[in-house]
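Novice: One structure follows; several queries about it will come next.
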Protein chains: 2
Amino acid sequence: MRPISLTIEKELPGSLARAGVLRTPHGEVKTPCFVAVGTKATVKGVSPADFKELGVQCMIANTYHLYLSPGENLVEKAGGIHEFMGWRGPIMTDSGGFQVFSLGEGYGKKISKLSKRESLGQNGLAEQSEENRGPFGREIPAAYSEELATSHGKLAIVDEDGVSFTSHVNGSLHRFTPERSIEIQHKLGADIIYAFDECTSPAADWDYQKEAMERTHRWADRSLKAHRQNIEANERQGIYGIVQGGRFADLRIDSAKTLADMDFDGYGIGGSFSKDDILGILDTVNRQLPKEKPRHLLGIGEPEDIFIGVAAGIDTFDCVLPTRNGRTGGVYSHDGKYLVENAEYKEDFTPLDPECDCLVCAQFTRAYIHHLFRTKEMLAPMLVSQHNIRFLTHLVEQIRQSILDDRFDEFRDAFMARYKVQD
Amino acid sequence: MRPISLTIEKELPGSLARAGVLRTPHGEVKTPCFVAVGTKATVKGVSPADFKELGVQCMIANTYHLYLSPGENLVEKAGGIHEFMGWRGPIMTDSGGFQVFSLGEGYGKKISKLSKRESLGQNGLAEQSEENRGPFGREIPAAYSEELATSHGKLAIVDEDGVSFTSHVNGSLHRFTPERSIEIQHKLGADIIYAFDECTSPAADWDYQKEAMERTHRWADRSLKAHRQNIEANERQGIYGIVQGGRFADLRIDSAKTLADMDFDGYGIGGSFSKDDILGILDTVNRQLPKEKPRHLLGIGEPEDIFIGVAAGIDTFDCVLPTRNGRTGGVYSHDGKYLVENAEYKEDFTPLDPECDCLVCAQFTRAYIHHLFRTKEMLAPMLVSQHNIRFLTHLVEQIRQSILDDRFDEFRDAFMARYKVQD
């Protein structure tokens, strides 16, 4: 019996949408599911003690960040990531590929292409995680340009065997290969680990994208072998392959087909050029993947995206936006997102979202949280992050129920008729 | 029936120590009690949703801070401070006297004397509460000197009628009188409010101290009248007078006697020159106060102080240190305080305090919280602040039980034999 398995409870005719149960060594995940992002083994501003109440079934941490600090050996000594952080529910670890490439950016600049033709350099980088920046390949800044793409800090060099990179914390030199990433993920001990992949630049042309994708396929094969050869880890951790191919539909299909033939326990859909590009071909991509295996959409999880992803057969989502927005007062509500620090909320004695079932909405008003932001109190980002997480887990719970009840389209249409999507 | 009343359950022979129940319009407070500091209607890093679990029975907010932001009228519109902040348990508001004077300091300098002979000026001040500085009169910096005492920012001028001051936030001009302070506190709506007092400089000589104390007595009388004349407020809020007199025992005794003759519902012991000064004469001071009325020690609440205070007849304490220390990783434990960010805790998989009953200690290790501080994660100050609050509420619960069980001295000696007091 594999450590990870999906039971499909209900499928909708006419789409790939489905509801199911993902079984992991640390418990079940009812799908579709919104996975909370806990890059450094902590969801920013939210205690693991509150996960259950906030409807958090699963968290995704990051191999690159935990490798740098506190180090995989310390986490292993603690008894694995679950024991280390005090959350005994299901956990995923991203492979670190995304971060190795995306953090190769100067502070304040956006991410750019990295290729083996460029030489390795160093520059000063702020001690911040990717949560505080526009992540590479997942949200592309409007002003993205070729110029930015070639002016980056050159912090990573790819070769056939792996990638050499400098730490965003202190500039020290490091090297990841597929085998190394898997070894680290074995020590971290998450329920679901990811194959090591190359995240390409949004500006990469078809030729480079194809080259990178094919290398990623070879790395997927090596990651899978490295995992299956570790009998002990293989019994307690499942491994997902990551579909790449950028904005090119033919490459995406090729990537999905190739990975589908490998013995992964599930699949992640990785670094796209933009949300619109990937969402447009997601259905096609997912049709290439084995139906019985779980599919995770990496780094995309705005409400409007989740509906599209679910219809295209995605089972799980993760996204930093609930907590990143939460820290600056960006609130999710049934009417769309708004900034609670704005003057119009100074005397608004209603909850953050009157239809939300979270403790924050049961106990606090917009006026109080407005005051907390204005006076720069720590409770402010805590409360909004908690509410935002619950907003999304609750939405996905409702989506799941609508699938089970055969009214997914109606639920989506009713929700989206009110929800104002921002650019 | 007064809104505030104390029932003494047990008194210890040979000292003023006692255990009781303080009744307020928002519930009972079992005394002795550690009151959590929530200056701006929030205990930094701790949600009101967690107060009960952390053993927080009562919170003290600040009139000066809430007057500046969000303003007492907004809090009144919200339905009072309880509704505003979502905590329906007992709340006190300090009168603002302490802050008006203590915030009259240049950023980075320590507090100094302010007198009517000095002219009003302005200077740039950081947008921070007193929680981030050494509070005036409560904790005096070792380097305190007359020189500092006369080089302050001159942000407040006292006259017989009240005090004019500039906001520490934006330098705007304001004026508090006893009547104004009470009016604001009526709108804030706490269960226990405080008379408006003048906090003197640690450097003030006996003559000035006496002058200020006598003015404070006149202000106490005016505060009391202003309160009793508001029939509605008088029915739902109790008022405490504040004993002053600095480090001079004769003045302290004079102050306690004078205030004891006034019809207050309880008494606060205010701004002392140093902890040692006030603690040494606390017993003498409290003996002047009516036994049946509650006594609050303002701004002092380290474990070693609490034992002294309880023995001297104090019923309630407040102190910013649990949360202020918590934000920088200073942890309370049965062995004393320590910095969890220190290297020795990197691989320490024990709880913050193995004998603590809080959720933080049940779920997280020093190694995890060390990691959170090292990676500057918001959860770090949240967890340590929560633990520290619980450490103190738990300690005071145990002290209370030891009084009820007639073993206060034994409990204190056993606790203090292990607890390492830092300078």
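Identifiers for the structure tokens are assigned positionally: chains receive A, B, ... in sequence, residues are indexed from 1 per chain, and ligands are indexed from 1 in the order shown.
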Contacts from chain B to chain A, 7 Å maximum, only C-alpha atoms: show me the residue list as a PyMOL selection string.
Specialist: chain B and resi 44-47+70+74+78+84-86+347+349+363-364+368+371+377-379
Novice: Per residue of range 214-314 of chain B within 10 Å of range 187-190 of chain B, which atom pair is closest and at what distance in Å (one decimal), using only C-alpha atoms, listed by chain and increasing number, as a Markdown table?
Specialist:
| residue | atom | partner | partner_atom | distance |
| --- | --- | --- | --- | --- |
| B:Ala233 | CA | B:Gly189 | CA | 7.9 |
| B:Arg236 | CA | B:Gly189 | CA | 8.1 |
| B:Gln237 | CA | B:Ala190 | CA | 6.6 |
| B:Gly238 | CA | B:Ala190 | CA | 8.7 |
| B:Ile239 | CA | B:Ala190 | CA | 9.9 |
Novice: Could those residues be written to a file, using C-alpha atoms, as a compact mmCIF listing (two decimals), in the first residue's frame?
Specialist:
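Listing of out-v8.txt after writing:
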# COMPACT_ATOMS: atom_id res chain seq x y z
CA ALA B 233 -21.06 56.03 34.71
CA ARG B 236 -21.19 50.81 35.91
CA GLN B 237 -17.61 51.90 36.64
CA GLY B 238 -15.57 51.99 39.83
CA ILE B 239 -12.81 54.53 40.41
Novice: Which residue, B:Cys319, B:Val163, B:Ala249, B:Ala226, has the smallest gap to Gly38 in chain B when you use only C-alpha atoms?
Specialist: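 The answer is B:Cys319, which sits nearest to Gly38 in chain B.
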Novice: Please indicate the distance in Å from CA of His387 in chain A to CA of Pro351 in chain A, rounded to one decimal place.
Specialist: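 For CA of His387 in chain A relative to CA of Pro351 in chain A, the distance reads 10.2 Å.
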Novice: As a PyMOL selection string, please: the residues near Leu54 in chain A (cut-off 9 Å, only C-alpha atoms, same-chain neighbours under 2 positions excluded).
Specialist: chain A and resi 50-52+56-57+358-359+386-387+389-391+393-394
Novice: Between CA of Tyr208 in chain B and CA of Ala156 in chain B, measure the distance and give it in Å to one decimal.
Specialist: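 Pair CA of Tyr208 in chain B / CA of Ala156 in chain B returns 16.2 Å.
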Novice: Would you please work out which residue, of A:Val396, A:Ile192, A:Leu251, A:Leu173, is nearest to Asp207 in chain A when using only C-alpha atoms?
Specialist: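 Closest to Asp207 in chain A, using only C-alpha atoms: A:Leu251.
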Novice: Do you know which residues are at most 9 Å from Pro354 in chain B counting only C-alpha atoms, after dropping those on the same chain fewer than 4 positions away, and could you put them as a short mmCIF file (atom, residue, chain, number, x, y, z; two decimals) with N, CA and C atoms, in the first residue's frame?
Specialist:
data_model
loop_
_atom_site.label_atom_id
_atom_site.label_comp_id
_atom_site.auth_asym_id
_atom_site.auth_seq_id
_atom_site.Cartn_x
_atom_site.Cartn_y
_atom_site.Cartn_z
N SER B 333 10.66 31.22 32.91
CA SER B 333 10.58 29.80 33.28
C SER B 333 10.78 29.68 34.78
N HIS B 334 10.55 28.49 35.29
CA HIS B 334 10.74 28.28 36.73
C HIS B 334 12.19 28.44 37.15
N THR B 350 12.97 20.62 24.32
CA THR B 350 12.06 20.68 25.46
C THR B 350 11.16 21.93 25.31
N CYS B 361 3.61 25.54 25.49
CA CYS B 361 4.52 24.53 26.06
C CYS B 361 4.05 23.11 25.76
N ALA B 362 2.75 22.94 25.57
CA ALA B 362 2.24 21.61 25.24
C ALA B 362 2.59 21.22 23.82
#
Novice: As a ChimeraX atom specification, please: the residues near Gln398 in chain A (cut-off 10 Å, only C-alpha atoms, same-chain neighbours under 5 positions excluded).
Specialist: /A:32,392-393,403-404,408,411-412
Novice: Using N, CA and C atoms, can you write the selected residues to a file as a PDB file, in the first residue's frame?
Specialist:
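Now in selection14.pdb:
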ATOM      1  N   PRO A  32     -11.748  18.844  -3.042  1.00  0.00           N
ATOM      2  CA  PRO A  32     -10.679  19.815  -3.166  1.00  0.00           C
ATOM      3  C   PRO A  32     -10.304  20.429  -1.821  1.00  0.00           C
ATOM      4  N   LEU A 392     -10.563  31.087   2.653  1.00  0.00           N
ATOM      5  CA  LEU A 392     -10.244  30.190   1.540  1.00  0.00           C
ATOM      6  C   LEU A 392     -10.545  28.730   1.853  1.00  0.00           C
ATOM      7  N   THR A 393     -10.227  28.288   3.079  1.00  0.00           N
ATOM      8  CA  THR A 393     -10.551  26.882   3.383  1.00  0.00           C
ATOM      9  C   THR A 393     -12.074  26.686   3.366  1.00  0.00           C
ATOM     10  N   ILE A 403     -19.874  20.037  -5.263  1.00  0.00           N
ATOM     11  CA  ILE A 403     -19.609  18.912  -6.176  1.00  0.00           C
ATOM     12  C   ILE A 403     -20.395  17.692  -5.719  1.00  0.00           C
ATOM     13  N   LEU A 404     -20.321  17.434  -4.423  1.00  0.00           N
ATOM     14  CA  LEU A 404     -21.043  16.273  -3.892  1.00  0.00           C
ATOM     15  C   LEU A 404     -22.554  16.401  -4.142  1.00  0.00           C
ATOM     16  N   PHE A 408     -22.109  22.382  -8.532  1.00  0.00           N
ATOM     17  CA  PHE A 408     -20.865  23.152  -8.592  1.00  0.00           C
ATOM     18  C   PHE A 408     -21.026  24.410  -9.444  1.00  0.00           C
ATOM     19  N   PHE A 411     -23.100  27.042  -7.704  1.00  0.00           N
ATOM     20  CA  PHE A 411     -22.376  27.656  -6.591  1.00  0.00           C
ATOM     21  C   PHE A 411     -21.339  28.647  -7.109  1.00  0.00           C
ATOM     22  N   ARG A 412     -20.580  28.208  -8.115  1.00  0.00           N
ATOM     23  CA  ARG A 412     -19.554  29.094  -8.691  1.00  0.00           C
ATOM     24  C   ARG A 412     -20.183  30.370  -9.240  1.00  0.00           C
TER      25      ARG A 412
END
Novice: As a list in words, please: the residues near Val320 in chain A (cut-off 6 Å, only C-alpha atoms, same-chain neighbours under 3 positions excluded).
Specialist: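 My reading of the contact set: Val37, Thr323 and Arg324 of chain A.
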